[in-house]
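*Asks:* Hey, dropping upload_3.cif in here, mmCIF, C-alpha atoms:
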data_query
loop_
_atom_site.label_atom_id
_atom_site.label_comp_id
_atom_site.auth_asym_id
_atom_site.auth_seq_id
_atom_site.Cartn_x
_atom_site.Cartn_y
_atom_site.Cartn_z
CA MET A 1356 154.65 164.21 97.77
CA THR A 1357 154.98 165.57 94.25
CA ASN A 1358 154.10 162.46 92.30
CA LYS A 1359 150.57 161.62 93.35
CA SER A 1360 150.20 158.72 90.98
CA GLU A 1361 152.76 156.68 92.92
CA GLU A 1362 150.83 157.11 96.11
CA GLU A 1363 148.82 154.19 97.37
CA THR A 1364 145.09 154.83 97.83
CA LEU A 1365 143.61 153.48 101.02
CA ILE A 1366 140.01 152.32 100.89
CA GLY A 1367 138.04 152.37 104.10
CA GLU A 1368 135.67 149.48 104.72
CA ARG A 1369 132.60 150.76 106.51
CA GLU A 1370 129.91 148.82 108.33
CA PHE A 1371 126.71 150.14 109.79
CA ASP A 1372 124.58 147.89 111.95
CA SER A 1373 121.86 149.17 114.22
CA ILE A 1374 119.48 146.91 116.13
CA PHE A 1375 116.50 148.58 117.70
CA SER A 1376 112.76 148.35 118.15
CA TYR A 1377 109.89 150.78 118.09
CA ASP A 1378 106.34 150.92 119.41
CA ALA A 1379 103.83 150.02 116.73
CA GLY A 1380 101.18 152.12 118.48
CA VAL A 1381 97.47 151.35 118.98
CA VAL A 1382 96.43 151.37 115.33
CA ARG A 1383 99.37 149.52 113.80
CA SER A 1384 99.33 146.97 116.65
CA LYS A 1385 95.73 146.13 115.76
CA PHE A 1386 96.71 145.75 112.10
CA LEU A 1387 99.59 143.40 112.95
CA THR A 1388 97.78 141.30 115.57
CA GLU A 1389 94.83 140.73 113.18
CA ILE A 1390 97.27 139.44 110.57
CA ARG A 1391 99.06 137.28 113.13
CA ASP A 1392 96.04 135.81 114.95
CA ASN A 1393 93.27 135.75 112.34
CA GLU A 1394 94.89 136.09 108.91
CA ARG A 1395 92.72 139.16 108.49
CA ILE A 1396 93.78 142.44 106.96
CA VAL A 1397 92.13 145.44 108.57
CA GLY A 1398 92.04 149.01 107.45
CA ILE A 1399 90.57 152.05 109.11
CA ARG A 1400 87.74 154.19 107.77
CA CYS A 1401 87.47 157.94 107.98
CA PRO A 1402 83.91 158.73 109.11
CA ASN A 1403 84.17 162.16 107.52
CA CYS A 1404 85.45 161.48 104.00
CA ASN A 1405 84.87 157.71 103.92
CA ARG A 1406 88.37 156.79 102.79
CA VAL A 1407 89.64 153.40 103.96
CA TYR A 1408 93.34 153.34 104.83
CA VAL A 1409 95.38 150.12 104.53
CA PRO A 1410 97.64 149.99 106.45
CA PRO A 1411 95.48 151.79 109.03
CA ARG A 1412 96.59 155.12 110.46
CA SER A 1413 95.34 157.19 113.37
CA THR A 1414 94.66 160.43 111.48
CA CYS A 1415 93.04 161.04 108.09
CA VAL A 1416 95.55 162.73 105.78
CA LYS A 1417 92.76 164.47 103.87
CA CYS A 1418 90.68 165.99 106.66
CA PHE A 1419 92.78 165.33 109.82
CA THR A 1420 89.93 163.49 111.55
CA SER A 1421 91.02 161.11 114.31
CA LEU A 1422 90.31 157.57 113.16
CA SER A 1423 89.12 154.54 115.14
CA ASP A 1424 86.69 152.73 112.84
CA PHE A 1425 88.51 149.52 111.87
CA VAL A 1426 87.12 147.63 108.87
CA GLU A 1427 88.19 144.32 107.40
CA VAL A 1428 89.27 144.46 103.77
CA ALA A 1429 89.76 141.61 101.30
CA LYS A 1430 92.89 139.50 100.99
CA THR A 1431 92.70 140.16 97.27
CA GLY A 1432 93.43 143.32 95.39
CA THR A 1433 95.08 144.99 92.43
CA LEU A 1434 98.75 145.74 91.80
CA THR A 1435 98.94 149.49 91.19
CA THR A 1436 102.69 149.76 90.62
CA TYR A 1437 105.84 147.73 91.15
CA SER A 1438 109.61 147.71 91.04
CA ILE A 1439 111.87 144.77 90.21
CA VAL A 1440 114.92 144.63 92.48
CA ASN A 1441 118.04 143.11 90.93
CA SER A 1442 120.62 144.15 93.52
CA SER A 1443 121.41 142.48 96.79
CA GLN A 1444 121.56 144.10 100.23
CA SER A 1445 121.71 142.44 103.61
CA TYR A 1446 118.63 144.34 104.75
CA TYR A 1447 116.47 143.33 101.80
CA PRO A 1448 113.75 140.85 102.74
CA SER A 1449 114.53 138.57 99.79
CA GLU A 1450 117.25 137.53 97.35
CA PRO A 1451 117.20 139.18 93.90
CA PRO A 1452 115.42 139.27 91.66
CA PHE A 1453 112.34 140.09 93.67
CA ILE A 1454 109.47 142.51 93.27
CA TYR A 1455 108.22 145.29 95.50
CA GLY A 1456 104.66 146.24 94.70
CA VAL A 1457 102.00 148.66 95.81
CA VAL A 1458 98.85 146.66 96.41
CA GLN A 1459 95.39 148.19 96.62
CA LEU A 1460 93.25 145.64 98.40
CA ASP A 1461 89.56 145.32 97.59
CA GLY A 1462 87.74 147.64 99.98
CA ALA A 1463 90.77 149.90 100.50
CA ASP A 1464 91.42 153.32 99.02
CA THR A 1465 95.17 153.34 99.57
CA GLY A 1466 98.12 151.21 98.60
CA LEU A 1467 100.10 148.80 100.76
CA VAL A 1468 103.75 148.24 99.93
CA HIS A 1469 104.66 144.57 99.98
CA LEU A 1470 106.43 141.78 98.10
CA ILE A 1471 104.98 140.24 94.95
CA GLY A 1472 105.77 136.52 94.69
CA GLU A 1473 105.20 133.44 92.57
CA VAL A 1474 105.45 135.45 89.38
CA ASP A 1475 108.11 135.72 86.69
CA PRO A 1476 109.48 139.29 86.96
CA GLN A 1477 109.14 139.57 83.18
CA LYS A 1478 105.42 138.89 83.40
CA VAL A 1479 104.39 141.16 86.25
CA ARG A 1480 102.12 143.99 85.13
CA ILE A 1481 100.15 146.89 86.57
CA GLY A 1482 96.52 145.99 87.15
CA MET A 1483 97.32 142.36 87.93
CA ARG A 1484 94.94 140.74 90.41
CA ILE A 1485 96.75 139.44 93.45
CA ARG A 1486 96.08 137.63 96.72
CA ALA A 1487 97.84 137.62 100.09
CA VAL A 1488 99.82 134.50 101.07
CA PHE A 1489 100.22 134.17 104.82
CA LYS A 1490 103.10 132.44 106.54
CA LYS A 1491 102.33 129.45 108.75
CA GLU A 1492 104.32 130.80 111.68
CA ARG A 1493 103.33 134.38 112.39
CA ILE A 1494 104.96 136.71 114.89
CA GLY A 1495 103.15 140.03 114.51
CA SER A 1496 105.20 141.40 111.62
CA ILE A 1497 104.20 142.80 108.25
CA LEU A 1498 106.21 139.89 106.85
CA ASP A 1499 103.66 137.49 108.38
CA ILE A 1500 102.22 138.03 104.93
CA LYS A 1501 104.81 136.16 102.89
CA TYR A 1502 103.93 138.03 99.72
CA PHE A 1503 101.06 138.73 97.36
CA LYS A 1504 100.76 136.30 94.45
CA PRO A 1505 98.80 136.53 91.23
CA ILE A 1506 95.31 135.05 91.41
CA GLY A 1507 95.27 131.90 89.32
CA GLY A 1508 98.84 130.97 90.20
CA GLU A 1509 101.95 131.51 88.10
CA GLN A 1510 101.28 133.86 85.21
CA MET B 133 88.81 154.29 121.50
CA SER B 134 88.27 153.10 125.10
CA GLN B 135 88.01 149.44 124.09
CA GLU B 136 91.54 149.72 122.68
CA SER B 137 93.04 150.09 126.13
CA THR B 138 92.93 146.31 126.65
CA GLN B 139 94.33 145.42 123.25
CA GLU B 140 97.79 144.02 122.82
CA LEU B 141 100.36 146.61 121.86
CA LEU B 142 103.26 145.41 119.76
CA ARG B 143 106.85 146.42 119.62
CA VAL B 144 108.46 145.98 116.23
CA PRO B 145 112.06 144.75 116.18
CA TYR B 146 114.19 146.36 113.51
CA ARG B 147 117.70 146.10 112.19
CA LEU B 148 119.39 148.49 109.80
CA THR B 149 122.62 147.38 108.19
CA ALA B 150 124.81 148.81 105.49
CA HIS B 151 128.25 148.06 104.10
CA TRP B 152 130.27 150.38 101.90
CA ARG B 153 133.83 151.31 100.90
CA GLU B 154 135.21 154.81 100.71
CA PRO B 155 138.51 156.49 99.87
CA ALA B 156 139.57 159.40 102.08
CA GLY B 157 140.64 161.89 99.41
CA ILE B 158 144.18 163.00 98.50
CA TYR B 159 145.04 164.89 101.68
CA VAL B 160 143.61 162.56 104.29
CA ASN B 161 144.90 159.57 102.30
CA ARG B 162 148.43 160.90 102.69
CA PHE B 163 147.77 161.69 106.34
CA PHE B 164 146.77 158.04 106.88
CA LEU B 165 149.71 156.67 104.86
CA ARG B 166 152.17 158.58 107.01
CA MET B 167 150.46 157.46 110.17
CA ARG B 168 150.74 153.88 108.96
CA ASP B 169 154.26 153.96 107.52
CA ASN B 170 156.05 156.48 109.77
CA ALA B 171 153.86 156.83 112.89
CA GLU B 172 153.74 160.55 112.21
CA LEU B 173 150.95 163.13 112.25
CA TRP B 174 151.05 165.48 109.26
CA ALA B 175 148.78 168.51 109.21
CA ILE B 176 148.30 171.18 106.58
CA LYS B 177 148.94 174.88 107.05
CA CYS B 178 147.06 177.63 105.27
CA PRO B 179 149.63 179.85 103.48
CA GLU B 180 147.24 182.79 103.83
CA CYS B 181 146.30 182.84 107.52
CA GLY B 182 148.60 180.21 109.03
CA ALA B 183 145.83 178.04 110.47
CA ILE B 184 146.98 174.43 110.85
CA TRP B 185 144.36 171.78 110.11
CA LEU B 186 144.39 168.23 111.43
CA PRO B 187 143.27 166.09 109.71
CA PRO B 188 144.46 168.09 106.67
CA GLU B 189 141.80 169.99 104.74
CA ILE B 190 141.84 171.11 101.10
CA VAL B 191 139.96 174.34 101.86
CA CYS B 192 141.01 176.48 104.81
CA GLY B 193 138.11 176.55 107.28
CA LYS B 194 139.06 180.05 108.35
CA CYS B 195 139.75 182.04 105.17
CA LYS B 196 138.18 179.61 102.66
CA ILE B 197 141.06 179.52 100.17
CA LYS B 198 142.35 176.33 98.60
CA ILE B 199 145.44 175.06 100.38
CA GLU B 200 147.70 173.74 97.61
CA ASP B 201 149.27 170.32 97.90
CA LYS B 202 152.91 171.39 98.08
CA GLU B 203 155.85 170.70 100.37
CA GLY B 204 155.76 173.97 102.29
CA ASN B 205 152.12 173.63 103.28
CA TRP B 206 152.54 170.31 105.09
CA VAL B 207 153.54 170.46 108.75
CA LYS B 208 154.73 167.54 110.84
CA LEU B 209 153.24 167.65 114.33
CA GLY B 210 154.72 166.21 117.48
CA ASN B 211 153.87 162.94 119.15
CA ARG B 212 152.88 164.79 122.29
CA GLY B 213 150.20 167.37 122.79
CA THR B 214 147.88 169.18 125.17
CA LEU B 215 144.50 167.91 126.24
CA LEU B 216 141.97 170.68 125.67
CA ILE B 217 138.86 168.95 126.98
CA ALA B 218 137.73 165.39 127.62
CA TYR B 219 134.50 163.53 128.22
CA HIS B 220 133.43 159.99 128.88
CA VAL B 221 130.42 158.14 127.50
CA THR B 222 128.89 155.69 129.97
CA GLY B 223 125.28 155.24 128.80
CA SER B 224 125.93 152.95 125.87
CA ARG B 225 127.53 150.34 128.10
CA GLU B 226 124.01 149.28 129.00
CA ILE B 227 122.05 146.48 127.41
CA ASP B 228 119.06 147.69 125.39
CA PRO B 229 116.15 146.29 127.46
CA THR B 230 113.86 146.00 124.43
CA THR B 231 116.21 144.01 122.23
CA GLY B 232 118.74 142.52 124.63
CA TRP B 233 121.38 144.01 122.39
CA HIS B 234 124.69 145.09 123.78
CA PRO B 235 127.17 147.12 121.77
CA VAL B 236 129.96 144.54 121.78
CA GLY B 237 133.28 145.81 120.52
CA GLN B 238 132.59 149.48 120.99
CA VAL B 239 135.34 151.60 122.45
CA PHE B 240 134.54 153.02 125.84
CA ASN B 241 137.71 154.96 126.35
CA PRO B 242 137.26 158.63 127.24
CA ILE B 243 137.14 160.96 124.25
CA GLY B 244 139.59 163.84 124.21
CA PHE B 245 140.21 166.92 122.12
CA ILE B 246 143.95 167.15 121.70
CA ARG B 247 146.24 169.79 120.24
CA PRO B 248 149.47 168.09 119.18
CA GLU B 249 152.75 170.03 119.47
CA GLY B 250 153.31 172.24 116.46
CA GLY B 251 149.63 172.99 116.06
CA ASN B 252 147.96 176.32 116.67
CA GLU B 253 144.54 177.42 117.84
CA TRP B 254 142.90 175.85 114.76
CA THR B 255 144.43 172.44 115.36
CA ILE B 256 142.14 170.10 117.26
CA LEU B 257 142.17 166.33 117.02
CA ALA B 258 139.38 164.25 118.55
CA HIS B 259 140.68 160.88 119.65
CA VAL B 260 140.40 158.31 122.42
CA LEU B 261 142.32 158.47 125.69
CA ASP B 262 143.70 155.68 127.82
CA ALA B 263 140.91 154.04 129.84
CA GLU B 264 143.38 153.92 132.79
CA ASP B 265 143.40 157.71 132.84
CA THR B 266 139.60 158.10 132.95
CA LYS B 267 139.44 159.60 136.45
CA ASN B 268 142.56 161.73 136.24
CA LEU B 269 141.86 163.90 133.21
CA HIS B 270 142.07 167.69 133.35
CA PRO B 271 142.19 170.30 130.60
CA GLY B 272 145.74 171.46 129.96
CA MET B 273 147.34 168.10 130.68
CA ARG B 274 150.14 166.80 128.50
CA VAL B 275 149.30 163.64 126.57
CA GLU B 276 151.21 161.41 124.19
CA ALA B 277 150.15 159.17 121.33
CA VAL B 278 150.50 155.42 121.85
CA TRP B 279 150.96 153.90 118.41
CA ARG B 280 150.14 150.37 117.45
CA PRO B 281 153.12 148.34 116.20
CA ARG B 282 153.82 148.74 112.46
CA GLU B 283 152.33 145.35 111.53
CA GLU B 284 149.02 146.33 113.14
CA ARG B 285 148.79 149.76 111.52
CA THR B 286 146.47 149.84 108.49
CA GLY B 287 146.19 153.57 107.78
CA THR B 288 143.26 154.61 109.96
CA MET B 289 142.79 156.83 113.00
CA GLN B 290 143.02 153.66 115.08
CA ASP B 291 146.71 153.35 114.17
CA ILE B 292 147.04 155.44 117.31
CA LYS B 293 145.76 153.13 120.03
CA PHE B 294 145.01 156.01 122.38
CA TRP B 295 146.61 159.05 124.00
CA ARG B 296 147.88 158.72 127.55
CA ILE B 297 148.81 161.23 130.21
CA VAL B 298 152.54 161.95 130.24
CA GLU B 299 154.52 163.69 132.97
CA GLU B 300 156.92 166.36 131.76
#
Let me see the file written as structure tokens.
*Replies:*
Amino acid sequence: MTNKSEEETLIGEREFDSIFSYDAGVVRSKFLTEIRDNERIVGIRCPNCNRVYVPPRSTCVKCFTSLSDFVEVAKTGTLTTYSIVNSSQSYYPSEPPFIYGVVQLDGADTGLVHLIGEVDPQKVRIGMRIRAVFKKERIGSILDIKYFKPIGGEQ
Amino acid sequence: MSQESTQELLRVPYRLTAHWREPAGIYVNRFFLRMRDNAELWAIKCPECGAIWLPPEIVCGKCKIKIEDKEGNWVKLGNRGTLLIAYHVTGSREIDPTTGWHPVGQVFNPIGFIRPEGGNEWTILAHVLDAEDTKNLHPGMRVEAVWRPREERTGTMQDIKFWRIVEE
């Protein structure tokens, strides 16, 4: 008890695994089914302040108006910021290195967080023009969009 | 929004996972080592107020002083104790209807708050009770620790399999 250095240190191995599901709600269901069925990306417009939210939401964060005016936005847009992920976690959607980006689609006033693909992480830059790449098999998930890739292919 | 009432509403499946490693700290580490090596429960006693803490704590929860790591402050508790209160969780036996997921491998033994012999009013250990005893539990009952064999003990709370009712 007196000589601590001789004492073995036990290390606990911990696992957390939770499987669940949640209701997407009216607005987010519309967003996801349009991606799944029509390869369309829809936002929602605030009739009061004219902002277009992508992904759509049911209440305007600026003026608290209830929103219902869905509008289609482009599949192309601009990368407004990004982060290169070099670590690996079981819950990450991709193996490292991969890039998370905030994408402002043409016609939208807000950013959508998604993956940036088909680009060398060293060459990704803010302001890059990008385009959505849809998966062939779509299930009604945000990952039905595989990623956004630079317009004009590999940069 | 009336036209939305016929639209398809989605449910989004989700899975959160994490994996990490953690040491228990000097006091609880020793508590676990002695559970593993000696099948003994060692608590710590505050030299100021006499409160006995299990698992051992560095700071006394009653008078907030540091309890030094020295021989006289460690107290060996008995292998038997008194059941203070018990409850049983039944809900999580069910399959989640939205995911089909069932919590395989979870322990469904009753949970008990136990005061091992040698403890005082500050000594409370939460642990599992014998599933066989589920319908016969009453506060004040005497219970005893059922230890796993040495080769199965790894230095965790599960080194005690469960506590079972004992007649005295």
*Asks:* Can you build me a table of chain A residues sitting at most 7 Å from chain B, with the closest atom pair per residue and its distance in Å to one decimal, using all atoms listed in the file, sorted by chain and residue number, as a Markdown table?
*Replies:*
| residue | atom | partner | partner_atom | distance |
| --- | --- | --- | --- | --- |
| A:Thr1364 | CA | B:Asn161 | CA | 6.5 |
| A:Leu1365 | CA | B:Pro155 | CA | 6.0 |
| A:Ile1366 | CA | B:Pro155 | CA | 4.5 |
| A:Gly1367 | CA | B:Glu154 | CA | 5.0 |
| A:Glu1368 | CA | B:Arg153 | CA | 4.6 |
| A:Arg1369 | CA | B:Trp152 | CA | 5.2 |
| A:Glu1370 | CA | B:His151 | CA | 4.6 |
| A:Phe1371 | CA | B:Ala150 | CA | 4.9 |
| A:Asp1372 | CA | B:Thr149 | CA | 4.3 |
| A:Ser1373 | CA | B:Leu148 | CA | 5.1 |
| A:Ile1374 | CA | B:Arg147 | CA | 4.4 |
| A:Phe1375 | CA | B:Tyr146 | CA | 5.3 |
| A:Ser1376 | CA | B:Pro145 | CA | 4.2 |
| A:Tyr1377 | CA | B:Val144 | CA | 5.3 |
| A:Asp1378 | CA | B:Arg143 | CA | 4.5 |
| A:Ala1379 | CA | B:Arg143 | CA | 5.5 |
| A:Gly1380 | CA | B:Leu141 | CA | 6.5 |
| A:Val1381 | CA | B:Leu141 | CA | 6.3 |
| A:Ser1384 | CA | B:Leu142 | CA | 5.2 |
| A:Ser1423 | CA | B:Met133 | CA | 6.4 |
| A:Ser1445 | CA | B:Thr149 | CA | 6.8 |
| A:Tyr1446 | CA | B:Thr149 | CA | 6.1 |
*Asks:* What gap, in Å, lies between atom CA of Pro1411 of chain A and atom CA of Ala1463 of chain A?
*Replies:*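 Separating atom CA of Pro1411 of chain A from atom CA of Ala1463 of chain A is a distance of 9.9 Å.
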*Asks:* Excluding same-chain residues fewer than 6 positions from Lys1491 of chain A, what lies within 10 Å of it counting all atoms listed in the file, as a list in words?
*Replies:* Arg1391, Glu1394, Asp1499, Ile1500 and Lys1501 of chain A
*Asks:* Name all residues at most 7 Å from segment 183-199 of chain B (count all atoms listed in the file; drop same-chain ones fewer than 2 positions away) and give them as a list of chain:residue names.
*Replies:*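 So the residues in contact are B:Tyr159, B:Val160, B:Ala175, B:Ile176, B:Lys177, B:Cys178, B:Cys181, B:Asp201, B:Gly251, B:Asn252, B:Trp254, B:Thr255, B:Ile256, B:Leu257.
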*Asks:* Suppose a student applies the PyMOL selection byres ((chain A and resi 1498) around 10) to this structure; what residues should they get, written as a list in words?
*Replies:*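 Selection result, ordered by chain and number: Leu1387, Ile1390, Arg1391, Pro1448, His1469, Leu1470, Phe1489, Lys1490, Arg1493, Ile1494, Gly1495, Ser1496, Ile1497, Asp1499, Ile1500, Lys1501 and Tyr1502 of chain A.
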*Asks:* Taking the file as shown, what set of residues would the PyMOL selection byres ((chain B and resi 269) around 9) give back, as an MDAnalysis selection string?
*Replies:* chainID B and resid 215 217:219 265:268 270:271 273 297
*Asks:* Can you tell me how far atom CA of Gly1482 of chain A sits from atom CA of Gly1432 of chain A, in Å to one decimal?
*Replies:*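 Between these atoms lies a distance of 9.2 Å.
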*Asks:* Calculate how many Å separate atom CA of Val1382 of chain A from atom CA of Tyr1408 of chain A, rounding to one decimal.
*Replies:* 11.1 Å
